[in-house]
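Undergrad: Below is a structure I'd like to ask you about.
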Amino acid sequence: MLVRATIVKLTKEEVEHVAWLARLELTDEEKERLTGHLNQIMAHFEKLQELDTADVEPTSHSIPVQNVFREDVVGPCLPIEDVLSAAPETADDCFVVPQVVEM
Amino acid sequence: MALVALTAHELCSMLKARQVSCLEVTQAVLERISAVDGEVRAYVTVTADQALETARAVDEQIARGDEPGPLTGIPVAVKDNMCTQGILTTCSSRILYNFVPPYDATVVERLAKAGSVMVGKTNLDEFAMGSSTENSGLFTTHNPWNLTRVPGGSSGGSAAAVAADEAIVALGSDTGGSIRQPASFCGVVGLKPTYGRVSRYGLVAFASSLDQIGPITKDVTDAALLLQAIAGKDPLDSTSVDVPVPDYLSSLQNDVKGLRIGVPKEFFAQGVQPEIADAVWKSIELLGSLGADYREIPMPIMEYTLPTYYILAPAEASSNLARYDGVRYGLRSKHSPDVVTMLVKTRGEGFGAEVKQRIMIGTYALSAGYYDAYYLKAQKVRTLVRQAYDEAFKEFDVLISPTSPTVAFGIGERVDDPFQMKLADVCTIPVNLAGIPAISLTCGFHDGLPIGMQIMGKPFDEEALLRVAYTFEQNTDYRKRKPAL
C-alpha cells in the first residue's frame with residue numbers, strides 16, 4: 001500500500017498548535033515567518049511520495065545494535081552537589097521548580 | 001616554519017626529541033589565538049590558564065622520562081557541544097549560556113589520556129544545526145581564507161581554528177556534514193567515522209541516530225592519529241560498537257594500485273559548481289594514473305536524501321531538545337510563575353530561530369496523523385539509501401564525490417532561504433543516513449577558496465579512506481597552501 005500524504009497547507013493556527021505540543025512560546029512575527037518556512041520545507045518532503053516503499057523495512061539506526069546489557073553493579077556516580085551545580089535553583093539536595101500542587 | 005603551522009605528528013617527534021617543550025608549543029598557539037581570533041572568531045572559550053598548567057605538567061612528565069602518549073603535548077580545540085568538566089559548554093546557545101558540565105565527554109577524557117592539551121572550545125551553529133555558524137546564538141565565525149565568507153558549519157569554529165593555526169588539531173561532530181563541509185570550506189582534513197566507531201557520551205545530542213564525533217586536522221596523518229586516540233567501544237555509550245580498532249597509522253600508504261573507485265554521478269548534479277566538478281574529476285583521474293580503477297555509477301536514490309534527512313534529523317532533535325526545560329541546567333526564564341509558563345518561556349527565550357524551526361518540523365512530523373506519511377516514510381527511504389551503498393560497495397572499495405556543491409559562500413548570502421542553505425549539505429547527508437565513514441580533503445582552489453573532495457567507505461573501513469586520502473595528499477601540493485591572515 002502506498003501511503004499518500006495529503007499536502008496540508010499549514011495555517012497559523014496549526015503552527016500555534018505544534019508550538020504548544022513542543023512547549024515553545026513564539027512571538028507573532030515568529031509565527032508568521034515559521035508558517036511560511038514550514039510550508040516551503042514541507043513541500044520538498046512530498047518528493048518522497050514518488051518512491052514505492054510498501055515492501056521496505058524502516059531503519060532507525062544504521063548499525064543494528066540491540067539489547068546492550070551490563071552487569072547490574074553500582075559504578076561510580078556523580079556527587080549530588082555536582083549534579084545540582086548547574087541548576088538555576090536548588091534547595092535541600094533538590095531541584096527547585098515553581099509550585100506544582102495547589103496548597 | 002612557525003611552531004603553530006606544524007602538524008601534530010611533526011610536533012610529536014620534536015617533543016620526543018626534546019627540540020621543543022610543550023609549554024613553548026602551547027604558548028605559541030595561545031599567542032596565535034590572541035593575534036588572529038579577533039578577526040576569525042573561532043573560539044567561544046579559550047582555556048589559557050588550564051592549558052598552560054597542563055603543558056607544564058606534560059613537560060615534567062617528559063623530563064621524568066615517562067612514556068609519552070600518542071598526542072603528548074599537542075594543543076587541541078574542542079567543539080563547544082562536547083562536555084568539559086568545569087569548563088563552560090554552551091552549544092553556542094542562549095539556553096546553555098552558563099552551563100558548566102560536571103563531567104567530561106569520553107572523547108575529551110581520551111584526548112587528555114593521550115597527553116593532549118586542550119586550548120579552548122569552538123563556535124558552532126546553535127546545537128550543531130546549520131552549515132555556516134551563522135546560526136550560532138553567540139557570533140559568526142569567519143573563514144580564514146576570506147573573512148567575508150562563512151567557514152561552513154556546524155563545526156565552523158573547529159575548522160577555522162585549525163586552518164588559521166589557532167589549534168594544531170580539533171574535534172568536530174557531524175550529523176549531516178558538520179565535520180566535512182566546514183573542513184572543505186576551510187581547506188583542512190575532516191573525517192566522519194562510521195556510526196558507532198567513536199563514543200558519543202558527553203556529546204550534546206542533536207539527532208542521535210546520525211551524530212558522530214571525528215577529527216579536523218591539517219593533514220591525513222593527523223586525522224589517523226586523532227582517530228586512533230578517540231575510537232573504540234565505550235560502556236557509557238551503548239551505540240558505540242565493539243569492533244576492534246585497527247592501527248590507523250599503518251593505513252597511511254602511498255599506494256592505490258588496484259583500488260576500485262566508484263563515482264556516483266548524482267553527487268555531481270544538484271547545483272555543483274563546474275569548477276568543483278572539474279577539480280574532483282581531475283583528482284579522480286590522478287588517482288587513476290597512480291593505478292586505481294574508477295568508473296561512474298548511478299545512485300538515483302541520492303535525489304531523495306535531502307528531504308529524508310530533513311524529516312529524520314528534526315524529529316530526533318525535537319525529542320532530544322525536550323530536556324531544555326529550565327530545571328536542571330541552563331537558562332530559566334525570569335517569568336516563571338508556574339511550571340508550564342516556565343517551560344514555554346524558557347524555551348521561547350533560549351532557542352534561536354533555526355532551532356525553533358527544526359523543533360517545529362520534528363514535532364509536526366511525529367504528531368498524530370502525520371507519523372506514517374513523514375517519519376516512517378523517511379525511515380524506509382533511509383533503508384533504500386543504505387541498500388544503495390551496500391550494492392555499490394560490492395563493486396567498489398571507496399566512492400568519491402565533491403564534499404559540498406560550492407566553495408565557501410558569503411556571510412549573510414543564504415540566511416533568508418532555508419532550502420538554499422541546506423543544499424550545502426546535499427553531498428554529505430547521504431553518508432550519515434547510511435552510517436558509513438567519509439573523509440574530506442582539499443583537491444583544488446576556486447576564487448582563492450579551497451575545494452573539498454569527499455571519499456566514502458564501507459562501515460568500519462576508515463583504513464581505505466585514510467589510504468586513498470594519504471596517497472592523494474602525497475601526490476599533490478594543496479595541503480601546503482595556507483590562508484594569508
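Going through the C-alpha cells in order, the chains are called A, B, and so on, while each chain numbers its residues from 1 and the ligands are numbered from 1 in the order shown.
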Using only C-alpha atoms, which chain A residues lie at most 7 Å away from chain B, written as a PyMOL selection string?
TA: chain A and resi 3-5+18-19+22-26+34+38+44-45+48+53+56-62+65+68+82-83+86-88+95+97-100
Undergrad: Interatomic distance between atom CA of Pro402 of chain B and atom CA of Gln454 of chain B?
TA: 5.4 Å
Undergrad: Have a look at A:Pro79, A:Asn39, A:Val96, A:Lys12 and name the one nearest to Thr27 of chain A; count only C-alpha atoms.
TA: A:Lys12
Undergrad: Using only C-alpha atoms for the distances, tell me which of B:Tyr43, B:Phe268, B:Phe396, B:Phe185 is nearest to Tyr294 of chain B.
TA: B:Phe396
Undergrad: Just list as a PyMOL selection string whatever in chain A DSSP marks as strand (DSSP E or B).
TA: chain A and resi 90-91+94-95
Undergrad: Applying 12 Å and only C-alpha atoms, which residues near Gln228 of chain B remain after dropping the ones on its own chain fewer than 4 positions away? List them as a VMD selection string.
TA: chain B and resid 69 to 71 107 110 to 111 114 193 197 to 198 214 to 215 221 to 224 232 244 to 251 462 to 463 466
Undergrad: Output C-alpha atoms for every residue in the selection just made, as an mmCIF file, in the first residue's frame.
TA:
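Written out: result_25.cif:
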```
data_model
loop_
_atom_site.group_PDB
_atom_site.id
_atom_site.type_symbol
_atom_site.label_atom_id
_atom_site.label_comp_id
_atom_site.auth_asym_id
_atom_site.auth_seq_id
_atom_site.Cartn_x
_atom_site.Cartn_y
_atom_site.Cartn_z
ATOM 1 C CA GLY B 69 51.161 9.269 24.941
ATOM 2 C CA PRO B 70 50.416 9.412 21.206
ATOM 3 C CA LEU B 71 49.294 13.063 21.402
ATOM 4 C CA VAL B 107 36.434 11.833 23.765
ATOM 5 C CA ARG B 110 40.573 10.071 25.898
ATOM 6 C CA LEU B 111 42.356 13.098 24.418
ATOM 7 C CA ALA B 114 46.674 10.599 25.153
ATOM 8 C CA PRO B 193 33.949 7.961 11.338
ATOM 9 C CA ARG B 197 33.158 3.939 15.937
ATOM 10 C CA VAL B 198 33.561 6.800 18.448
ATOM 11 C CA GLY B 214 35.572 12.988 14.468
ATOM 12 C CA PRO B 215 38.893 14.759 13.788
ATOM 13 C CA THR B 221 48.348 11.579 9.140
ATOM 14 C CA ASP B 222 46.989 13.757 11.948
ATOM 15 C CA ALA B 223 43.456 12.569 11.195
ATOM 16 C CA ALA B 224 44.657 8.967 11.656
ATOM 17 C CA GLY B 232 36.629 2.263 20.379
ATOM 18 C CA PRO B 244 38.464 -3.969 17.074
ATOM 19 C CA VAL B 245 40.264 -0.670 16.448
ATOM 20 C CA PRO B 246 42.996 -1.222 13.842
ATOM 21 C CA ASP B 247 46.345 0.572 13.727
ATOM 22 C CA TYR B 248 45.275 3.524 11.571
ATOM 23 C CA LEU B 249 48.811 4.807 11.063
ATOM 24 C CA SER B 250 49.654 1.617 9.169
ATOM 25 C CA SER B 251 46.989 2.504 6.562
ATOM 26 C CA GLU B 462 38.245 4.041 7.773
ATOM 27 C CA GLU B 463 41.541 2.447 6.686
ATOM 28 C CA LEU B 466 42.939 7.084 5.018
#
```
Undergrad: At what distance in Å, to one decimal, does atom CA of Lys233 of chain B lie from atom CA of Gln66 of chain A?
TA: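 One can read the atom CA of Gln66 of chain A to atom CA of Lys233 of chain B distance as 14.8 Å.
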Undergrad: When you draw a straight line from atom CA of Pro151 of chain B to atom CA of Leu441 of chain B, how long is it in Å?
TA: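 Interatomic distance, atom CA of Pro151 of chain B to atom CA of Leu441 of chain B: 14.8 Å.
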Undergrad: If we count only C-alpha atoms and set the cut-off at 8 Å, which residues sit around Ile297 of chain B, ignoring sequence neighbours fewer than 3 positions away in its own chain? Please answer as a list in words.
TA: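 Skipping anything fewer than 3 positions along the chain leaves Gly262, Val263, Pro264 and Lys265 of chain B.
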Undergrad: The selected residues should be written to file as a PDB file, in the first residue's frame (atoms: N, CA and C atoms).
TA:
```pdb
ATOM      1  N   GLY B 262      34.319   4.099  -7.167  1.00  0.00           N
ATOM      2  CA  GLY B 262      33.048   4.398  -7.817  1.00  0.00           C
ATOM      3  C   GLY B 262      32.776   5.890  -7.739  1.00  0.00           C
ATOM      4  N   VAL B 263      32.214   6.432  -8.821  1.00  0.00           N
ATOM      5  CA  VAL B 263      31.918   7.868  -8.847  1.00  0.00           C
ATOM      6  C   VAL B 263      30.415   8.036  -9.081  1.00  0.00           C
ATOM      7  N   PRO B 264      29.644   8.233  -7.992  1.00  0.00           N
ATOM      8  CA  PRO B 264      28.188   8.339  -8.142  1.00  0.00           C
ATOM      9  C   PRO B 264      27.798   9.653  -8.810  1.00  0.00           C
ATOM     10  N   LYS B 265      27.168   9.541  -9.994  1.00  0.00           N
ATOM     11  CA  LYS B 265      27.014  10.752 -10.808  1.00  0.00           C
ATOM     12  C   LYS B 265      26.010  11.739 -10.224  1.00  0.00           C
TER      13      LYS B 265
END
```
